file coords_7.txt (compact mmCIF, C-alpha atoms)
# COMPACT_ATOMS: atom_id res chain seq x y z
CA MET A 1 -21.67 9.88 -1.85
CA LYS A 2 -18.05 8.77 -1.50
CA ASP A 3 -18.34 6.76 -4.73
CA GLN A 4 -19.26 9.98 -6.57
CA ILE A 5 -15.93 11.59 -5.66
CA THR A 6 -13.66 11.08 -8.66
CA PRO A 7 -10.14 12.32 -9.45
CA ASP A 8 -11.61 14.71 -12.04
CA ARG A 9 -13.98 16.21 -9.47
CA ILE A 10 -11.14 16.69 -7.00
CA ALA A 11 -8.99 18.34 -9.67
CA ASN A 12 -11.89 20.61 -10.66
CA SER A 13 -12.50 21.65 -7.06
CA ILE A 14 -8.84 22.64 -6.71
CA ARG A 15 -8.98 24.61 -9.98
CA LEU A 16 -11.97 26.54 -8.66
CA LEU A 17 -10.15 27.32 -5.41
CA ARG A 18 -7.05 28.61 -7.18
CA SER A 19 -8.60 32.09 -7.61
CA ASP A 20 -8.86 32.36 -3.80
CA HIS A 21 -5.62 30.60 -2.87
CA GLU A 22 -2.25 31.29 -4.47
CA GLY A 23 -0.30 28.93 -2.22
CA VAL A 24 0.19 25.17 -2.14
CA PHE A 25 -2.61 22.61 -2.34
CA LEU A 26 -2.04 19.44 -0.34
CA ILE A 27 -4.15 16.42 -1.33
CA VAL A 28 -4.67 13.80 1.40
CA GLU A 29 -6.56 10.51 1.48
CA GLY A 30 -9.16 11.10 4.19
CA HIS A 31 -10.58 13.16 7.05
CA SER A 32 -8.22 11.85 9.75
CA ASP A 33 -5.25 12.65 7.50
CA LYS A 34 -6.51 16.20 7.10
CA LEU A 35 -6.81 16.61 10.87
CA ILE A 36 -3.14 15.74 11.28
CA TYR A 37 -1.57 17.49 8.31
CA GLU A 38 -3.46 20.74 8.85
CA ARG A 39 -1.70 20.96 12.21
CA LEU A 40 1.71 20.28 10.69
CA VAL A 41 1.76 22.64 7.71
CA ASN A 42 1.60 26.41 7.39
CA LYS A 43 -2.16 27.03 7.30
CA GLN A 44 -1.80 30.38 5.58
CA GLU A 45 0.25 28.88 2.74
CA VAL A 46 -1.34 25.44 2.37
CA ARG A 47 -4.91 24.38 1.56
CA VAL A 48 -5.62 20.72 2.44
CA THR A 49 -8.03 18.79 0.20
CA ILE A 50 -9.55 15.38 0.95
CA ALA A 51 -9.48 12.91 -1.95
CA SER A 52 -11.51 10.14 -0.27
CA GLY A 53 -9.03 7.41 -1.09
CA LYS A 54 -5.45 6.73 -2.13
CA ASN A 55 -6.13 6.16 -5.83
CA ASN A 56 -8.17 9.36 -6.04
CA ALA A 57 -5.29 11.30 -4.50
CA ILE A 58 -2.72 9.87 -6.92
CA LYS A 59 -4.89 10.35 -10.01
CA ALA A 60 -6.04 13.87 -9.08
CA LEU A 61 -2.41 14.91 -8.57
CA SER A 62 -1.48 13.37 -11.93
CA ILE A 63 -4.22 15.34 -13.69
CA LEU A 64 -3.07 18.64 -12.20
CA GLU A 65 0.63 17.95 -12.74
CA LYS A 66 0.02 18.03 -16.49
CA GLU A 67 -1.18 21.63 -16.30
CA ASP A 68 1.53 24.31 -16.40
CA ASN A 69 -0.22 26.64 -13.97
CA PHE A 70 -0.60 23.97 -11.29
CA ARG A 71 2.96 23.48 -10.14
CA ARG A 72 1.95 24.15 -6.51
CA VAL A 73 0.07 20.87 -5.89
CA VAL A 74 1.37 17.97 -3.77
CA ALA A 75 -0.16 14.87 -2.25
CA VAL A 76 0.54 12.71 0.80
CA ILE A 77 -0.56 9.06 0.81
CA ASP A 78 -0.11 5.99 2.98
CA ALA A 79 2.79 3.83 1.83
CA ASP A 80 0.74 0.66 2.45
CA PHE A 81 2.75 -2.17 0.83
CA SER A 82 4.46 0.02 -1.81
CA ARG A 83 7.95 -0.31 -0.34
CA ILE A 84 7.66 -4.06 0.14
CA GLU A 85 6.48 -4.43 -3.45
CA GLN A 86 9.11 -1.91 -4.60
CA GLN A 87 6.42 -0.01 -6.48
CA ILE A 88 6.93 3.61 -5.47
CA PRO A 89 4.86 6.07 -7.54
CA ASP A 90 7.10 8.19 -9.75
CA SER A 91 6.36 11.81 -8.85
CA ASN A 92 8.39 14.45 -7.04
CA ASN A 93 5.10 15.94 -5.80
CA LEU A 94 3.88 12.73 -4.13
CA PHE A 95 4.98 11.86 -0.59
CA LEU A 96 4.59 8.52 1.19
CA THR A 97 4.38 7.97 4.94
CA ASP A 98 7.59 6.58 6.46
CA GLU A 99 5.74 3.56 7.81
CA HIS A 100 2.81 1.52 6.43
CA ASP A 101 0.33 4.34 7.06
CA LEU A 102 -0.15 7.57 8.95
CA GLU A 103 -1.30 5.77 12.12
CA MET A 104 1.86 3.65 12.19
CA MET A 105 3.93 6.80 11.76
CA LEU A 106 2.23 8.24 14.85
CA ILE A 107 2.66 4.97 16.74
CA LYS A 108 6.42 4.93 16.06
CA SER A 109 6.70 8.41 17.57
CA ALA A 110 6.59 9.51 21.20
CA ALA A 111 2.85 10.15 20.73
CA PHE A 112 2.27 6.45 21.42
CA ASP A 113 4.25 6.68 24.68
CA LYS A 114 2.11 9.64 25.76
CA LEU A 115 -1.08 7.74 24.96
CA LEU A 116 0.12 4.65 26.82
CA LYS A 117 1.14 6.70 29.86
CA GLU A 118 -2.41 8.03 30.15
CA ARG A 119 -4.10 4.68 29.58
CA ARG A 120 -1.90 2.05 31.20
CA SER A 121 -2.10 0.46 34.63
CA GLU A 122 1.21 1.04 36.44
CA GLU A 123 0.89 -2.27 38.26
CA LYS A 124 0.28 -4.25 35.07
CA ILE A 125 2.99 -2.42 33.13
CA LYS A 126 5.55 -3.45 35.76
CA ALA A 127 4.44 -7.08 35.41
CA PHE A 128 4.73 -6.94 31.61
CA THR A 129 8.40 -7.60 30.84
CA GLU A 130 8.35 -7.23 27.05
CA ASP A 131 8.63 -4.05 24.98
CA ILE A 132 4.99 -3.04 24.52
CA ARG A 133 5.33 -1.33 21.14
CA GLU A 134 7.36 -4.22 19.70
CA THR A 135 4.95 -6.82 21.10
CA LEU A 136 1.92 -5.17 19.52
CA LEU A 137 3.86 -4.66 16.29
CA LYS A 138 4.70 -8.38 16.07
CA LEU A 139 1.04 -9.28 16.49
CA GLY A 140 -0.14 -6.64 14.05
CA GLN A 141 2.28 -7.67 11.34
CA GLU A 142 0.68 -11.13 11.22
CA ILE A 143 -2.58 -9.53 10.16
CA GLY A 144 -0.60 -7.29 7.81
CA LYS A 145 0.84 -10.37 6.10
CA LEU A 146 -2.69 -11.64 5.51
CA ARG A 147 -3.76 -8.24 4.14
CA TRP A 148 -0.82 -8.29 1.72
CA LEU A 149 -1.52 -11.90 0.73
CA SER A 150 -5.13 -10.98 -0.04
CA LEU A 151 -3.99 -8.05 -2.17
CA ARG A 152 -1.21 -9.95 -3.93
CA ASN A 153 -3.27 -13.08 -4.68
CA LYS A 154 -6.51 -11.17 -5.32
CA LEU A 155 -8.34 -13.08 -2.58
CA ASP A 156 -10.64 -10.11 -1.90
CA LEU A 157 -10.72 -10.81 1.85
CA LYS A 158 -12.86 -8.52 4.00
CA PHE A 159 -11.07 -7.07 7.02
CA GLU A 160 -13.67 -4.46 7.91
CA GLY A 161 -15.72 -5.70 10.85
CA LEU A 162 -13.22 -8.42 11.76
CA ASN A 163 -13.52 -9.37 15.45
CA PHE A 164 -9.98 -9.41 16.83
CA LYS A 165 -11.11 -11.13 20.03
CA ASN A 166 -11.61 -14.31 18.00
CA PHE A 167 -7.87 -14.74 17.46
CA ILE A 168 -6.06 -12.46 19.95
CA ASP A 169 -5.62 -14.08 23.38
CA LYS A 170 -6.39 -11.29 25.85
CA GLU A 171 -4.70 -13.15 28.73
CA LYS A 172 -1.38 -13.91 26.99
CA LEU A 173 -1.50 -11.17 24.36
CA SER A 174 -0.74 -13.67 21.60
CA ILE A 175 -2.24 -14.48 18.21
CA ASN A 176 -3.72 -17.74 16.94
CA ILE A 177 -2.99 -17.86 13.20
CA ASP A 178 -5.44 -20.70 12.57
CA GLU A 179 -8.25 -18.73 14.22
CA LEU A 180 -7.21 -15.61 12.31
CA ILE A 181 -7.57 -17.47 9.01
CA ARG A 182 -10.92 -18.96 10.03
CA SER A 183 -12.18 -15.57 11.20
CA ILE A 184 -11.23 -13.82 7.96
CA LYS A 185 -12.83 -16.63 5.94
CA ASN A 186 -16.09 -16.24 7.80
CA ASN A 187 -15.94 -12.45 7.76
CA SER A 188 -15.32 -12.51 4.00
CA GLN A 189 -17.94 -15.21 3.38
CA LYS A 190 -15.36 -17.20 1.41
CA LEU A 191 -15.75 -20.58 3.04
CA SER A 192 -14.21 -22.41 0.08
CA LEU A 193 -10.76 -20.93 0.72
CA ASP A 194 -8.08 -23.52 1.52
CA GLU A 195 -6.92 -22.73 5.07
CA GLN A 196 -3.76 -24.81 4.83
CA GLN A 197 -2.74 -23.11 1.59
CA ILE A 198 -3.23 -19.68 3.15
CA LYS A 199 -1.16 -20.75 6.15
CA GLN A 200 1.63 -21.97 3.84
CA ASP A 201 1.54 -18.71 1.88
CA LEU A 202 1.78 -16.72 5.12
CA SER A 203 4.78 -18.82 6.15
CA VAL A 204 6.52 -17.93 2.88
CA ILE A 205 5.91 -14.22 3.54
CA SER A 206 7.33 -14.65 7.06
CA ASP A 207 10.48 -16.19 5.62
CA GLU A 208 10.97 -13.12 3.43
CA ASN A 209 11.67 -11.03 6.59
CA HIS A 210 9.92 -7.83 5.58
CA ASP A 211 10.06 -4.72 7.76
CA PRO A 212 7.16 -5.06 10.26
CA TRP A 213 6.67 -1.29 10.17
CA GLN A 214 5.83 -1.62 6.47
CA LEU A 215 3.58 -4.66 7.03
CA CYS A 216 1.52 -3.65 10.05
CA CYS A 217 -1.61 -1.56 9.51
CA GLY A 218 -2.21 1.15 12.09
CA HIS A 219 -5.87 0.25 12.59
CA ASP A 220 -4.89 -3.37 13.37
CA PHE A 221 -2.26 -2.20 15.87
CA ILE A 222 -4.82 -0.02 17.65
CA ASP A 223 -7.39 -2.85 17.70
CA ILE A 224 -4.85 -5.07 19.46
CA LEU A 225 -3.90 -2.25 21.85
CA ALA A 226 -7.58 -1.89 22.80
CA ILE A 227 -7.69 -5.56 23.80
CA ALA A 228 -4.43 -5.24 25.75
CA LEU A 229 -5.70 -2.22 27.70
CA CYS A 230 -8.62 -4.26 28.98
CA LYS A 231 -6.48 -6.98 30.55
CA VAL A 232 -2.70 -7.21 30.13
CA LEU A 233 -1.85 -3.50 30.15
CA GLY A 234 -4.86 -1.98 31.89
CA THR A 235 -8.25 -2.46 33.49
CA TRP A 236 -10.45 -0.55 31.07
CA ASN A 237 -13.90 -1.55 29.90
CA ALA A 238 -14.06 -2.27 26.16
CA ASN A 239 -16.40 0.71 25.64
CA ASP A 240 -13.76 3.04 27.11
CA VAL A 241 -11.03 1.99 24.67
CA LYS A 242 -12.82 1.87 21.35
CA THR A 243 -10.42 2.09 18.42
CA GLU A 244 -11.79 5.41 17.16
CA VAL A 245 -11.25 6.93 20.62
CA LEU A 246 -7.67 5.65 20.87
CA GLU A 247 -6.87 6.83 17.35
CA ARG A 248 -8.18 10.29 18.19
CA GLU A 249 -6.07 10.41 21.37
CA LEU A 250 -3.03 9.31 19.35
CA ARG A 251 -3.58 12.11 16.83
CA LEU A 252 -3.93 14.68 19.60
CA ALA A 253 -0.72 13.43 21.25
CA TYR A 254 1.30 13.91 18.05
CA GLU A 255 3.52 17.00 18.06
CA LEU A 256 5.23 18.94 15.31
CA SER A 257 8.62 18.10 16.85
CA TYR A 258 7.94 14.41 16.17
CA PHE A 259 7.19 15.16 12.54
CA TYR A 260 10.54 16.96 12.21
CA GLN A 261 12.25 13.60 12.81
CA THR A 262 10.57 11.84 9.87
CA GLN A 263 11.82 11.20 6.36
CA ILE A 264 8.58 12.50 4.83
CA TYR A 265 9.15 15.87 6.52
CA GLN A 266 12.66 16.13 5.08
CA LEU A 267 11.39 15.25 1.60
CA MET A 268 8.72 17.93 1.85
CA VAL A 269 11.33 20.46 3.02
CA ASN A 270 13.45 19.53 0.00
CA TRP A 271 10.43 20.07 -2.26
CA GLN A 272 9.90 23.47 -0.65
CA SER A 273 13.55 24.41 -1.28
CA ASN A 274 13.22 23.42 -4.93
CA HIS A 275 9.97 25.37 -5.39
CA HIS A 276 10.85 28.73 -3.87
CA PRO A 277 8.93 30.87 -2.97
CA ASP A 278 6.19 28.22 -2.42
CA GLN A 279 5.97 27.16 1.21
CA ILE A 280 4.55 24.11 2.98
CA PHE A 281 5.92 24.90 6.46
call {"tool": "encode", "arguments": {"input": "coords_7.txt", "output": "structure tokens"}}
result
Amino acid sequence: MKDQITPDRIANSIRLLRSDHEGVFLIVEGHSDKLIYERLVNKQEVRVTIASGKNNAIKALSILEKEDNFRRVVAVIDADFSRIEQQIPDSNNLFLTDEHDLEMMLIKSAAFDKLLKERRSEEKIKAFTEDIRETLLKLGQEIGKLRWLSLRNKLDLKFEGLNFKNFIDKEKLSINIDELIRSIKNNSQKLSLDEQQIKQDLSVISDENHDPWQLCCGHDFIDILAIALCKVLGTWNANDVKTEVLERELRLAYELSYFYQTQIYQLMVNWQSNHHPDQIF
């Protein structure tokens, strides 16, 4: 069903809704994005539409931007690796998350501290001397480097279904790069890939010193957090800290006041000022 959702269909659905809604249309990538942004914008003035993917969102916006009567359409997408690659889409109506994706934007906010306060073991937190957010970020960025390498070199690696326990040490909360590479090879069923070459390529990316907040994927961060909450940071059973549960709790912990502190909010406010009387907030 998702494959049947095209940019043209999204654009058509917005055209049909225009007779019922005179305000702004906000195109987002997916369902979880809609859950967040609907809470942040003015519901009476903004109608949120799911595009089912980043490319769909960009292309649907592009279609509608060419029509004179559709000046009140904007889109919000995950930055992914756009800033690292210095390939920012050229549209004043398109907004990128401050960090790699929406989840990382939530993680950088106080919402993560609220989630951790509810989930952590006080005894284990006292014994853990490192900064928790920074520790998880450092681990997550290693997987982010591999994601970017796959994209850049067209390796077509499969990250969905990857078992993080194969390469994240739950006792030391560390990552084994060799096991990560082997795990992704097996998960992708690409056994002919040269492990040493991949390791060398990852080392080159490390030397480039990219911003970890632009490298690390939110889902990877949460997967590592789930492992940490079972041993190093807490005493939970794995079934109690499933990634989808933690991501939901993170979304619920996010407040409008946190959004006010972001660059994307300021850019959207600037858009609103330049498109009076149209309102997003």
call {"tool": "residues_around", "arguments": {"input": "coords_7.txt", "residues": "A:Leu136", "least_positions_apart": "2", "cutoff": "7 Å", "atoms": "all atoms listed in the file", "output": "VMD selection string"}}
result
chain A and resid 132 to 134 138 to 140 221 224 to 225
call {"tool": "closest_atom_pairs", "arguments": {"input": "coords_7.txt", "of": "stretch 159-277 of chain A", "to": "stretch 79-88 of chain A", "cutoff": "12 Å", "atoms": "only C-alpha atoms", "output": "CSV"}}
result
residue,atom,partner,partner_atom,distance
A:Ile205,CA,A:Ile84,CA,10.9
A:Glu208,CA,A:Ile84,CA,10.2
A:Asn209,CA,A:Ile84,CA,10.3
A:His210,CA,A:Ile84,CA,7.0
A:Asp211,CA,A:Ile84,CA,8.0
A:Pro212,CA,A:Ile84,CA,10.2
A:Trp213,CA,A:Asp80,CA,9.9
A:Gln214,CA,A:Phe81,CA,6.4
A:Leu215,CA,A:Phe81,CA,6.7
A:Cys216,CA,A:Asp80,CA,8.8
A:Cys217,CA,A:Asp80,CA,7.8
A:Gly218,CA,A:Asp80,CA,10.1
A:Ile264,CA,A:Ala79,CA,10.8
call {"tool": "write_last_selection", "arguments": {"input": "coords_7.txt", "atoms": "C-alpha atoms", "output": "compact mmCIF listing (two decimals), in the frame of the given file"}}
result
# COMPACT_ATOMS: atom_id res chain seq x y z
CA ILE A 205 5.91 -14.22 3.54
CA GLU A 208 10.97 -13.12 3.43
CA ASN A 209 11.67 -11.03 6.59
CA HIS A 210 9.92 -7.83 5.58
CA ASP A 211 10.06 -4.72 7.76
CA PRO A 212 7.16 -5.06 10.26
CA TRP A 213 6.67 -1.29 10.17
CA GLN A 214 5.83 -1.62 6.47
CA LEU A 215 3.58 -4.66 7.03
CA CYS A 216 1.52 -3.65 10.05
CA CYS A 217 -1.61 -1.56 9.51
CA GLY A 218 -2.21 1.15 12.09
CA ILE A 264 8.58 12.50 4.83
call {"tool": "residues_around", "arguments": {"input": "coords_7.txt", "residues": "A:Val241", "least_positions_apart": "4", "cutoff": "9 Å", "atoms": "all atoms listed in the file", "output": "PDB file with C-alpha atoms, in the coordinates of the input"}}
result
ATOM      1  CA  ARG A 119      -4.100   4.680  29.580  1.00  0.00           C
ATOM      2  CA  LEU A 225      -3.900  -2.250  21.850  1.00  0.00           C
ATOM      3  CA  ALA A 226      -7.580  -1.890  22.800  1.00  0.00           C
ATOM      4  CA  ILE A 227      -7.690  -5.560  23.800  1.00  0.00           C
ATOM      5  CA  LEU A 229      -5.700  -2.220  27.700  1.00  0.00           C
ATOM      6  CA  CYS A 230      -8.620  -4.260  28.980  1.00  0.00           C
ATOM      7  CA  TRP A 236     -10.450  -0.550  31.070  1.00  0.00           C
ATOM      8  CA  ASN A 237     -13.900  -1.550  29.900  1.00  0.00           C
ATOM      9  CA  VAL A 245     -11.250   6.930  20.620  1.00  0.00           C
ATOM     10  CA  LEU A 246      -7.670   5.650  20.870  1.00  0.00           C
TER      11      LEU A 246
END
call {"tool": "atom_distance", "arguments": {"input": "coords_7.txt", "atom1": "atom CA of A:Pro7", "atom2": "atom CA of A:Asp68"}}
result
18.1 Å
call {"tool": "atom_distance", "arguments": {"input": "coords_7.txt", "atom1": "atom CA of A:Ser188", "atom2": "atom CA of A:Ser174"}}
result
22.9 Å
call {"tool": "residues_near_point", "arguments": {"input": "coords_7.txt", "point": "(-5.6, 18.9, -0.6)", "cutoff": "6 Å", "atoms": "all atoms listed in the file", "output": "list of chain:residue names"}}
result
A:Phe25, A:Leu26, A:Ile27, A:Val28, A:Arg47, A:Val48, A:Thr49, A:Ile50
call {"tool": "residues_around", "arguments": {"input": "coords_7.txt", "residues": "A:Leu202", "least_positions_apart": "3", "cutoff": "7 Å", "atoms": "all atoms listed in the file", "output": "PyMOL selection string"}}
result
chain A and resi 145-146+198-199+205-206
call {"tool": "closest_residue", "arguments": {"input": "coords_7.txt", "among": "A:Lys117, A:Arg147, A:Lys172, A:Arg248", "to": "A:His100", "atoms": "all atoms listed in the file"}}
result
A:Arg147
